[in-house]
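Engineer: What follows is entry_30.cif, made up of mmCIF, C-alpha atoms:
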data_start
loop_
_atom_site.label_atom_id
_atom_site.label_comp_id
_atom_site.auth_asym_id
_atom_site.auth_seq_id
_atom_site.Cartn_x
_atom_site.Cartn_y
_atom_site.Cartn_z
CA MET S 1 -42.56 31.26 -46.60
CA ILE S 2 -44.73 28.75 -44.79
CA LYS S 3 -44.44 25.87 -47.26
CA LYS S 4 -41.60 24.04 -45.50
CA PRO S 5 -43.13 24.21 -41.97
CA ALA S 6 -46.49 23.12 -43.38
CA VAL S 7 -44.95 20.06 -45.00
CA MET S 8 -43.08 19.20 -41.80
CA LEU S 9 -46.30 19.48 -39.79
CA LEU S 10 -48.15 17.17 -42.22
CA ILE S 11 -45.39 14.55 -42.09
CA PHE S 12 -45.19 14.76 -38.31
CA LEU S 13 -48.93 14.31 -37.78
CA SER S 14 -49.20 11.54 -40.37
CA SER S 15 -46.47 9.53 -38.67
CA LEU S 16 -48.12 9.86 -35.26
CA VAL S 17 -51.55 8.61 -36.32
CA ILE S 18 -50.21 5.12 -36.98
CA LEU S 19 -48.43 4.77 -33.62
CA PRO S 20 -49.99 2.51 -30.97
CA ALA S 21 -51.25 3.92 -27.67
CA ARG S 22 -52.25 2.73 -24.23
CA SER S 23 -53.71 4.59 -21.27
CA TYR S 24 -51.74 5.27 -18.12
CA ALA S 25 -52.22 7.67 -15.25
CA ILE S 26 -49.81 10.42 -14.20
CA PRO S 27 -48.32 8.70 -11.14
CA ALA S 28 -48.19 10.99 -8.10
CA PHE S 29 -51.86 11.97 -7.92
CA ALA S 30 -53.25 9.13 -10.04
CA ARG S 31 -51.75 6.50 -7.72
CA GLN S 32 -53.21 8.25 -4.69
CA THR S 33 -56.70 8.67 -6.12
CA GLY S 34 -56.94 5.67 -8.45
CA PHE S 35 -58.09 7.95 -11.30
CA SER S 36 -56.71 8.04 -14.83
CA CYS S 37 -55.10 11.22 -16.17
CA ASN S 38 -58.07 12.34 -18.24
CA THR S 39 -60.26 12.43 -15.12
CA CYS S 40 -58.58 15.73 -14.18
CA HIS S 41 -57.27 16.99 -17.52
CA PHE S 42 -59.03 18.54 -20.51
CA GLN S 43 -57.76 17.28 -23.90
CA HIS S 44 -54.23 16.68 -22.54
CA PHE S 45 -52.09 17.43 -19.51
CA PRO S 46 -51.39 19.86 -17.91
CA LEU S 47 -54.75 21.50 -18.81
CA LEU S 48 -57.27 21.17 -15.97
CA ASN S 49 -60.98 20.44 -16.35
CA ALA S 50 -63.60 21.17 -13.67
CA PHE S 51 -62.82 18.00 -11.71
CA GLY S 52 -59.09 18.75 -11.82
CA ARG S 53 -59.72 22.25 -10.47
CA SER S 54 -61.73 20.78 -7.60
CA PHE S 55 -58.97 18.30 -6.77
CA LYS S 56 -56.33 21.03 -6.74
CA ALA S 57 -58.57 23.34 -4.70
CA GLY S 58 -58.84 20.56 -2.11
CA GLY S 59 -55.10 20.74 -1.48
CA TYR S 60 -54.29 17.38 -3.16
CA THR S 61 -55.88 15.46 -0.27
CA MET S 62 -58.44 13.31 -2.15
CA VAL S 63 -57.76 9.57 -1.85
CA GLY S 64 -59.29 6.41 -3.27
CA GLY S 65 -56.62 4.35 -4.96
CA GLN S 66 -54.52 3.53 -1.91
CA SER S 67 -54.88 2.37 1.65
CA LEU S 68 -54.28 4.91 4.42
CA VAL S 69 -52.21 4.91 7.55
CA GLU S 70 -54.67 6.26 10.11
CA GLY S 71 -54.74 6.96 13.80
CA ASP S 72 -55.45 9.82 16.19
CA TYR S 73 -54.79 13.01 14.20
CA LEU S 74 -53.23 10.95 11.39
CA SER S 75 -54.46 10.12 7.87
CA MET S 76 -51.94 9.68 5.07
CA PRO S 77 -51.32 7.27 2.17
CA SER S 78 -49.39 4.13 3.00
CA VAL S 79 -46.78 5.03 0.36
CA LEU S 80 -45.02 8.25 -0.70
CA ASN S 81 -46.17 9.00 -4.26
CA ALA S 82 -43.68 10.26 -6.83
CA SER S 83 -43.50 11.23 -10.50
CA LEU S 84 -40.66 11.88 -12.89
CA VAL S 85 -41.56 14.67 -15.32
CA THR S 86 -39.30 15.50 -18.25
CA LYS S 87 -39.19 17.35 -21.55
CA LEU S 88 -36.94 16.18 -24.39
CA ARG S 89 -36.78 19.06 -26.85
CA TYR S 90 -35.38 20.11 -30.23
CA GLN S 91 -35.53 23.78 -31.32
CA LYS S 92 -34.58 25.42 -34.59
CA THR S 93 -34.64 29.09 -35.59
CA ASN S 94 -33.89 30.56 -39.02
CA GLY S 95 -31.37 33.22 -38.01
CA LYS S 96 -28.13 33.86 -39.85
CA SER S 97 -25.73 33.84 -36.88
CA ASP S 98 -24.90 30.74 -34.86
CA LEU S 99 -23.23 32.89 -32.21
CA THR S 100 -26.30 35.08 -31.65
CA ASP S 101 -28.54 32.08 -30.96
CA LYS S 102 -27.33 28.47 -30.88
CA ARG S 103 -30.81 27.40 -31.97
CA ASN S 104 -30.00 28.75 -35.45
CA ARG S 105 -28.01 25.54 -35.99
CA GLY S 106 -30.69 23.45 -34.31
CA ARG S 107 -30.37 22.65 -30.62
CA LEU S 108 -31.18 19.26 -29.09
CA GLU S 109 -31.86 19.26 -25.32
CA LEU S 110 -31.93 15.85 -23.62
CA PRO S 111 -33.51 16.82 -21.34
CA ASN S 112 -34.69 20.41 -21.52
CA GLU S 113 -36.40 19.92 -18.16
CA GLY S 114 -36.23 17.12 -15.63
CA ALA S 115 -37.94 17.08 -12.26
CA LEU S 116 -38.84 14.62 -9.54
CA PHE S 117 -42.26 15.39 -8.06
CA LEU S 118 -43.27 14.17 -4.62
CA ALA S 119 -46.86 15.03 -3.89
CA GLY S 120 -50.15 14.17 -2.27
CA ARG S 121 -51.90 13.93 1.07
CA VAL S 122 -50.19 14.79 4.35
CA GLY S 123 -53.37 14.68 6.42
CA GLU S 124 -57.12 15.07 6.09
CA HIS S 125 -56.80 18.82 5.46
CA ILE S 126 -53.15 19.12 4.40
CA GLY S 127 -51.41 18.32 1.12
CA PHE S 128 -48.07 19.06 -0.48
CA LEU S 129 -46.28 19.36 -3.79
CA LEU S 130 -42.49 19.31 -4.13
CA GLU S 131 -40.68 19.78 -7.44
CA ALA S 132 -37.04 18.68 -7.14
CA GLN S 133 -35.17 19.73 -10.28
CA LEU S 134 -32.64 17.26 -11.68
CA VAL S 135 -31.00 19.20 -14.53
CA ASP S 136 -29.21 22.34 -13.32
CA ALA S 137 -26.54 21.55 -10.73
CA ASP S 138 -26.17 25.26 -9.88
CA SER S 139 -29.84 25.69 -8.92
CA SER S 140 -31.67 24.69 -5.76
CA ASN S 141 -32.97 21.14 -5.68
CA TRP S 142 -36.22 22.53 -4.24
CA ALA S 143 -37.32 24.20 -7.46
CA SER S 144 -40.90 24.69 -6.22
CA PHE S 145 -42.77 23.69 -3.08
CA LYS S 146 -46.17 24.31 -1.53
CA LEU S 147 -47.99 23.01 1.54
CA PRO S 148 -51.75 23.72 1.29
CA PHE S 149 -53.86 23.77 4.48
CA VAL S 150 -57.50 23.56 3.32
CA TYR S 151 -60.70 23.43 5.39
CA GLU S 152 -64.29 23.43 4.15
CA VAL S 153 -66.81 25.75 5.81
CA ARG S 154 -70.41 25.61 4.54
CA GLY S 155 -69.40 24.66 1.03
CA THR S 156 -66.47 27.08 0.80
CA ARG S 157 -62.93 25.77 0.86
CA LEU S 158 -60.64 28.10 2.76
CA GLY S 159 -56.92 27.63 2.27
CA ILE S 160 -53.60 28.94 3.56
CA ILE S 161 -50.75 27.93 1.24
CA PRO S 162 -47.10 28.73 1.99
CA PHE S 163 -44.99 28.30 -1.15
CA THR S 164 -41.73 28.98 -2.94
CA THR S 165 -40.84 28.73 -6.63
CA ASP S 166 -37.90 29.54 -8.87
CA VAL S 167 -39.88 30.45 -12.02
CA ALA S 168 -43.66 30.34 -11.51
CA GLY S 169 -44.24 33.71 -9.81
CA ALA S 170 -46.73 34.79 -7.17
CA ALA S 171 -49.55 32.87 -8.88
CA TYR S 172 -47.87 29.55 -8.01
CA GLY S 173 -49.55 29.52 -4.60
CA PHE S 174 -52.98 28.90 -6.16
CA GLU S 175 -54.06 29.05 -9.82
CA LEU S 176 -56.63 27.02 -11.74
CA LEU S 177 -56.99 28.53 -15.24
CA ASN S 178 -55.11 27.29 -18.31
CA THR S 179 -54.31 30.71 -19.80
CA GLY S 180 -50.68 30.88 -18.65
CA ALA S 181 -51.70 32.90 -15.60
CA MET S 182 -49.25 30.57 -13.88
CA ARG S 183 -46.27 29.48 -15.95
CA MET S 184 -46.75 25.69 -15.78
CA GLN S 185 -50.48 25.83 -16.58
CA ARG S 186 -50.57 26.50 -20.33
CA VAL S 187 -51.77 24.86 -23.53
CA ILE S 188 -48.52 24.41 -25.51
CA GLU S 189 -44.78 24.95 -25.04
CA HIS S 190 -44.24 28.44 -26.53
CA ARG S 191 -45.43 30.22 -23.40
CA SER S 192 -44.57 33.85 -24.22
CA GLU S 193 -46.29 33.53 -27.61
CA ILE S 194 -49.62 32.22 -26.24
CA SER S 195 -49.99 33.93 -22.84
CA ALA S 196 -50.01 37.66 -22.10
CA GLN S 197 -49.00 37.02 -18.49
CA GLN S 198 -45.94 35.09 -19.58
CA TYR S 199 -45.03 37.72 -22.17
CA ILE S 200 -45.02 40.55 -19.61
CA GLY S 201 -42.83 38.46 -17.33
CA THR S 202 -44.91 37.38 -14.32
CA GLY S 203 -43.07 34.04 -14.14
CA THR S 204 -40.43 35.04 -11.58
CA GLU S 205 -38.87 33.75 -8.40
CA ALA S 206 -41.39 34.01 -5.57
CA THR S 207 -41.72 33.07 -1.92
CA GLY S 208 -44.89 33.81 0.00
CA VAL S 209 -48.22 32.74 1.45
CA ALA S 210 -51.54 32.53 -0.44
CA PHE S 211 -54.90 32.99 1.29
CA VAL S 212 -57.64 31.37 -0.78
CA ALA S 213 -61.43 30.96 -0.81
CA TRP S 214 -62.86 28.56 -3.42
CA ARG S 215 -66.33 27.45 -4.50
CA ARG S 216 -67.38 25.67 -7.68
CA PHE S 217 -68.41 28.94 -9.32
CA GLY S 218 -65.13 30.76 -8.62
CA TYR S 219 -62.30 31.63 -6.28
CA ILE S 220 -60.34 34.47 -4.67
CA ASN S 221 -56.63 34.44 -3.96
CA TYR S 222 -54.73 37.08 -1.99
CA THR S 223 -51.00 36.48 -1.67
CA ILE S 224 -48.16 38.20 0.14
CA TRP S 225 -44.82 37.48 -1.51
CA SER S 226 -41.30 38.57 -2.38
CA PRO S 227 -39.40 38.12 -5.67
CA GLU S 228 -36.90 35.67 -4.17
CA HIS S 229 -36.63 31.89 -3.99
CA GLN S 230 -36.79 29.88 -0.73
CA SER S 231 -35.58 32.49 1.78
CA THR S 232 -36.22 36.22 1.98
CA ASP S 233 -35.85 39.17 4.32
CA ALA S 234 -38.05 41.40 2.14
CA LYS S 235 -40.10 44.11 3.85
CA PRO S 236 -42.78 45.04 3.22
CA TYR S 237 -44.15 42.12 1.23
CA LEU S 238 -45.54 42.59 -2.26
CA ASN S 239 -49.24 42.00 -2.98
CA TYR S 240 -50.91 39.71 -5.49
CA GLY S 241 -54.67 39.37 -6.01
CA ARG S 242 -56.65 36.97 -8.17
CA LEU S 243 -60.41 36.77 -8.79
CA ALA S 244 -61.93 34.19 -11.15
CA LEU S 245 -65.46 33.04 -11.95
CA THR S 246 -65.87 29.47 -13.26
CA PRO S 247 -69.51 28.88 -14.27
CA SER S 248 -70.90 26.20 -16.59
CA VAL S 249 -73.03 27.51 -19.47
CA ARG S 250 -74.96 25.07 -21.72
CA GLY S 251 -72.38 22.35 -21.39
CA TRP S 252 -69.39 24.68 -21.69
CA ASN S 253 -66.97 25.03 -18.81
CA MET S 254 -66.30 28.78 -18.67
CA ALA S 255 -63.90 30.98 -16.74
CA ILE S 256 -63.14 34.69 -16.58
CA GLY S 257 -60.73 36.35 -14.23
CA ALA S 258 -58.38 39.19 -13.30
CA GLN S 259 -54.95 39.39 -11.68
CA VAL S 260 -53.21 42.32 -9.98
CA TRP S 261 -49.61 42.59 -8.79
CA ASP S 262 -48.79 45.62 -6.62
CA GLY S 263 -46.36 47.01 -4.07
CA GLN S 264 -42.78 47.95 -3.32
CA THR S 265 -40.25 45.99 -1.30
CA LYS S 266 -36.64 46.07 -0.12
CA TYR S 267 -34.44 43.04 0.47
CA THR S 268 -30.81 41.93 0.67
CA ASP S 269 -29.35 40.59 -2.57
CA GLY S 270 -26.56 38.06 -3.02
CA SER S 271 -23.83 40.67 -2.57
CA GLY S 272 -25.19 41.78 0.81
CA SER S 273 -26.56 45.09 -0.52
CA TYR S 274 -30.14 46.30 -0.21
CA VAL S 275 -32.22 46.15 -3.39
CA LYS S 276 -35.47 48.08 -3.82
CA ARG S 277 -38.03 46.76 -6.29
CA LYS S 278 -41.66 47.22 -7.24
CA ALA S 279 -44.14 44.78 -8.76
CA GLU S 280 -46.83 46.55 -10.76
CA ALA S 281 -48.87 44.70 -13.37
CA TRP S 282 -52.38 43.53 -14.11
CA ALA S 283 -54.07 41.03 -16.40
CA PHE S 284 -57.47 39.80 -17.58
CA ASP S 285 -58.06 36.30 -18.93
CA ALA S 286 -60.87 33.98 -20.01
CA GLN S 287 -61.33 30.43 -21.21
CA ALA S 288 -64.08 28.15 -22.52
CA GLN S 289 -63.96 24.35 -22.72
CA GLY S 290 -66.65 22.36 -24.49
CA ARG S 291 -67.54 20.52 -27.70
CA VAL S 292 -68.28 21.51 -31.27
CA ALA S 293 -69.72 18.51 -33.11
CA TRP S 294 -67.49 15.57 -32.14
CA MET S 295 -64.49 17.72 -31.20
CA PRO S 296 -63.50 18.95 -27.75
CA VAL S 297 -62.59 22.63 -28.16
CA GLY S 298 -60.72 25.02 -25.87
CA LEU S 299 -60.62 28.82 -26.24
CA TYR S 300 -58.11 30.88 -24.23
CA LEU S 301 -57.75 34.68 -24.11
CA SER S 302 -55.47 36.93 -22.07
CA TYR S 303 -54.41 40.56 -21.82
CA GLY S 304 -51.65 41.82 -19.55
CA GLN S 305 -49.77 45.02 -18.82
CA ALA S 306 -46.69 45.72 -16.70
CA ASP S 307 -45.85 49.29 -15.70
CA GLU S 308 -42.55 50.84 -16.76
CA SER S 309 -39.63 51.06 -14.34
CA GLU S 310 -38.61 54.34 -12.72
CA SER S 311 -35.12 55.79 -12.65
CA ASN S 312 -34.57 54.62 -9.07
CA LEU S 313 -37.12 51.80 -8.84
CA THR S 314 -37.11 48.77 -11.13
CA ASN S 315 -40.32 46.86 -11.89
CA VAL S 316 -39.57 43.13 -11.58
CA PHE S 317 -41.82 42.53 -14.62
CA ASN S 318 -40.54 45.32 -16.89
CA SER S 319 -37.03 46.78 -16.67
CA ASN S 320 -37.82 49.23 -19.50
CA SER S 321 -38.29 52.80 -18.24
CA ASN S 322 -39.92 54.17 -21.40
CA ASP S 323 -43.44 52.72 -21.40
CA GLU S 324 -45.67 49.85 -20.26
CA LYS S 325 -45.08 46.32 -21.51
CA GLU S 326 -48.31 44.78 -22.76
CA ALA S 327 -49.76 41.95 -24.80
CA PHE S 328 -53.00 40.39 -25.97
CA THR S 329 -53.15 36.68 -26.84
CA ALA S 330 -55.84 34.41 -28.27
CA LEU S 331 -55.60 30.65 -28.75
CA VAL S 332 -57.99 27.95 -29.95
CA GLU S 333 -57.31 24.22 -29.59
CA CYS S 334 -59.42 21.52 -31.27
CA GLY S 335 -59.34 17.81 -30.51
CA VAL S 336 -59.51 16.53 -34.10
CA ILE S 337 -59.04 12.99 -32.77
CA PRO S 338 -60.60 13.16 -29.28
CA ALA S 339 -58.30 12.07 -26.45
CA ARG S 340 -55.48 11.61 -28.94
CA LEU S 341 -54.65 14.53 -31.27
CA THR S 342 -55.21 18.27 -30.85
CA LEU S 343 -54.37 21.14 -33.20
CA SER S 344 -54.05 24.72 -32.02
CA ALA S 345 -53.52 28.20 -33.42
CA ALA S 346 -52.64 31.35 -31.50
CA TYR S 347 -52.00 35.05 -32.09
CA ARG S 348 -50.07 37.52 -29.94
CA ALA S 349 -50.06 41.30 -30.25
CA GLY S 350 -47.15 42.41 -28.08
CA ASP S 351 -45.37 45.65 -27.21
CA ASN S 352 -42.20 45.57 -25.11
CA GLY S 353 -42.43 49.24 -24.10
CA ALA S 354 -39.23 50.42 -25.79
CA ALA S 355 -39.09 53.90 -27.31
CA THR S 356 -38.44 52.40 -30.76
CA ARG S 357 -38.77 48.94 -32.31
CA SER S 358 -41.29 47.85 -29.69
CA LYS S 359 -43.74 45.72 -31.69
CA GLU S 360 -43.54 41.97 -31.03
CA ASN S 361 -46.47 40.22 -32.73
CA ALA S 362 -46.48 36.46 -33.34
CA VAL S 363 -48.54 33.68 -34.91
CA THR S 364 -48.14 30.17 -33.48
CA VAL S 365 -49.50 26.78 -34.51
CA GLY S 366 -49.26 23.66 -32.41
CA ALA S 367 -50.05 19.96 -32.35
CA VAL S 368 -50.20 17.62 -29.37
CA TYR S 369 -50.40 13.86 -29.84
CA LEU S 370 -50.92 11.58 -26.83
CA LEU S 371 -48.91 8.38 -27.15
CA THR S 372 -50.42 7.51 -23.78
CA GLN S 373 -52.37 9.69 -21.37
CA ASN S 374 -49.10 10.61 -19.66
CA VAL S 375 -46.70 10.84 -22.66
CA GLN S 376 -47.25 13.39 -25.40
CA MET S 377 -45.42 14.49 -28.52
CA GLN S 378 -45.72 18.18 -29.26
CA LEU S 379 -44.93 20.43 -32.21
CA ASN S 380 -44.93 24.25 -32.01
CA HIS S 381 -44.07 26.69 -34.79
CA SER S 382 -44.04 30.47 -34.33
CA TRP S 383 -43.71 33.21 -36.94
CA TYR S 384 -42.71 36.65 -35.64
CA ASP S 385 -43.92 39.89 -37.19
CA THR S 386 -41.66 42.10 -35.15
CA GLU S 387 -39.53 45.21 -35.23
CA VAL S 388 -37.12 43.75 -32.69
CA ARG S 389 -35.65 40.62 -34.27
CA GLU S 390 -32.65 40.98 -36.53
CA PRO S 391 -31.70 38.64 -39.40
CA ALA S 392 -29.06 37.24 -37.04
CA SER S 393 -31.72 35.78 -34.74
CA GLY S 394 -34.41 35.02 -37.33
CA ASP S 395 -38.18 35.40 -37.38
CA ARG S 396 -39.29 31.76 -36.90
CA LEU S 397 -39.01 29.18 -34.13
CA LEU S 398 -39.73 25.45 -34.45
CA THR S 399 -40.02 23.19 -31.40
CA LEU S 400 -40.39 19.40 -31.37
CA MET S 401 -40.80 17.88 -27.92
CA VAL S 402 -41.57 14.73 -25.98
CA PHE S 403 -43.31 15.63 -22.70
CA ALA S 404 -43.64 12.73 -20.28
CA ALA S 405 -44.72 12.08 -16.70
CA PHE S 406 -44.32 8.63 -15.20
#
Show the structure stored in the file as structure tokens.
Structural biologist:
Amino acid sequence: MIKKPAVMLLIFLSSLVILPARSYAIPAFARQTGFSCNTCHFQHFPLLNAFGRSFKAGGYTMVGGQSLVEGDYLSMPSVLNASLVTKLRYQKTNGKSDLTDKRNRGRLELPNEGALFLAGRVGEHIGFLLEAQLVDADSSNWASFKLPFVYEVRGTRLGIIPFTTDVAGAAYGFELLNTGAMRMQRVIEHRSEISAQQYIGTGTEATGVAFVAWRRFGYINYTIWSPEHQSTDAKPYLNYGRLALTPSVRGWNMAIGAQVWDGQTKYTDGSGSYVKRKAEAWAFDAQAQGRVAWMPVGLYLSYGQADESESNLTNVFNSNSNDEKEAFTALVECGVIPARLTLSAAYRAGDNGAATRSKENAVTVGAVYLLTQNVQMQLNHSWYDTEVREPASGDRLLTLMVFAAF
């Protein structure tokens, strides 16, 4: 059953090893700081290392590569820094029905995602990040936005971060781990197969304010939010809490953390009617980044659970009213050619909470090859051991992707 994917993986990796490569920086932050991409990223983007976490915790205000426009109560780069980020993707499933899933015939998406990022320093203690989506004409151009206000008090960075996002959830305000605790911060493309948080559905619309305290050994994030994008009249606000410890142990960069989503809210939907929702879920996650022999190695674990919905109160993370939705995921990624080629393998034990046919386990393998520090080619292949999928939709998913930021 796995012979054909294995051959495809071998051919794909063999062809990439002979391609030339040069080093470039991801523009928006790299131009501001003068640092190359691998200064902030572990193995490949978007994974953060310890320095990248520190830069993000500082509200994107670090400078060094550019001159500043300065005056009384003014300190900003002399240019507005931008990046174009895009994913060009091909996906193929092995289902029997083209109408059930168009990927059964093989679907080419040029692009799958396209976004213009404007980002960087607003002032000495203020930064910003704007994602303007370029693909879906029916969606808001302001896909995601945050404006961190960060001040340091006796070695502790204290931040207030207003934000909005169309898909990243309450964690978008402030998140530093690579476990998929926040949708964009994950190892490979198949997010629901490698992250428990993404499987239980925490990547939602969200608008709110994060209150953050960060030190090198860890951080706390308390966020008030609503499950809407850009504007909201929700009352009361929902609650989100995050605690993470990030120590270094014998050369390994470690992290362990917990997330909690809680509360009920009421807001006006698009039809002008009141909608009542709850957000009830929790998760644990951990990661370790270090070296084994010559290889950089990353280990990523997560467990998450979303409560079932009630007859008159829907959980934004789990519409099923039978039982909790839960998952455990484990992933290991090895840099077999450091700073160039990584191979990964992941396992998910999932349960969607349905009364019958609830098991959704998966095995995923991946490869990431850096053509340059800011352009990668990625292969993912998932096999599903599940009671849910029918022959019409298949039990395998192949993804080939170019992921670029320039």
Engineer: Would you mind telling me which residue in S:Gly298, S:Pro227, S:Pro111, S:Gly304 lies nearest to Ala279 of chain S when using only C-alpha atoms?
Structural biologist: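 Checking each of S:Gly298, S:Pro227, S:Pro111, S:Gly304 against Ala279 of chain S, counting only C-alpha atoms, the winner is S:Pro227.
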Engineer: Can you measure atom CA of Asp323 of chain S to atom CA of Asp166 of chain S for me? One decimal in Å is fine.
Structural biologist: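 Pair atom CA of Asp323 of chain S / atom CA of Asp166 of chain S returns 26.9 Å.
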Engineer: Tell me which of S:Cys37, S:Ala28, S:Met182, S:Ala210 sits closest to Val63 of chain S, counting all atoms listed in the file.
Structural biologist: S:Ala28
Engineer: Quote the spacing between atom CA of Tyr384 of chain S and atom CA of Asn315 of chain S in Å to one decimal place.
Structural biologist: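 Separation between atom CA of Tyr384 of chain S and atom CA of Asn315 of chain S: 26.0 Å.
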Engineer: Which one of S:Gly159, S:Pro46, S:Gly366, S:Gly203 sits closest to Leu398 of chain S if you count only C-alpha atoms?
Structural biologist: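 Closest residue, counting only C-alpha atoms: S:Gly366.
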Engineer: Given the file above and the PyMOL selection byres ((chain S and resi 64-70) around 9), which residues are selected, and can you give them as a PDB file with C-alpha atoms, in the coordinates of the input?
Structural biologist:
ATOM      1  CA  ALA S  30     -53.250   9.130 -10.040  1.00  0.00           C
ATOM      2  CA  ARG S  31     -51.750   6.500  -7.720  1.00  0.00           C
ATOM      3  CA  GLN S  32     -53.210   8.250  -4.690  1.00  0.00           C
ATOM      4  CA  THR S  33     -56.700   8.670  -6.120  1.00  0.00           C
ATOM      5  CA  GLY S  34     -56.940   5.670  -8.450  1.00  0.00           C
ATOM      6  CA  PHE S  35     -58.090   7.950 -11.300  1.00  0.00           C
ATOM      7  CA  MET S  62     -58.440  13.310  -2.150  1.00  0.00           C
ATOM      8  CA  VAL S  63     -57.760   9.570  -1.850  1.00  0.00           C
ATOM      9  CA  GLY S  71     -54.740   6.960  13.800  1.00  0.00           C
ATOM     10  CA  ASP S  72     -55.450   9.820  16.190  1.00  0.00           C
ATOM     11  CA  TYR S  73     -54.790  13.010  14.200  1.00  0.00           C
ATOM     12  CA  LEU S  74     -53.230  10.950  11.390  1.00  0.00           C
ATOM     13  CA  SER S  75     -54.460  10.120   7.870  1.00  0.00           C
ATOM     14  CA  MET S  76     -51.940   9.680   5.070  1.00  0.00           C
ATOM     15  CA  PRO S  77     -51.320   7.270   2.170  1.00  0.00           C
ATOM     16  CA  SER S  78     -49.390   4.130   3.000  1.00  0.00           C
ATOM     17  CA  VAL S  79     -46.780   5.030   0.360  1.00  0.00           C
TER      18      VAL S  79
END
Engineer: At a cut-off of 7 Å from (-44.2, 13.1, -3.4) in the coordinates of the file, what residues are picked up using all atoms listed in the file, written as a list in words?
Structural biologist: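 Residues lying no farther than 7 Å from the given point: Ala28, Leu80, Asn81, Ala82, Phe117, Leu118, Ala119, Gly120, Leu129 and Leu130 of chain S.
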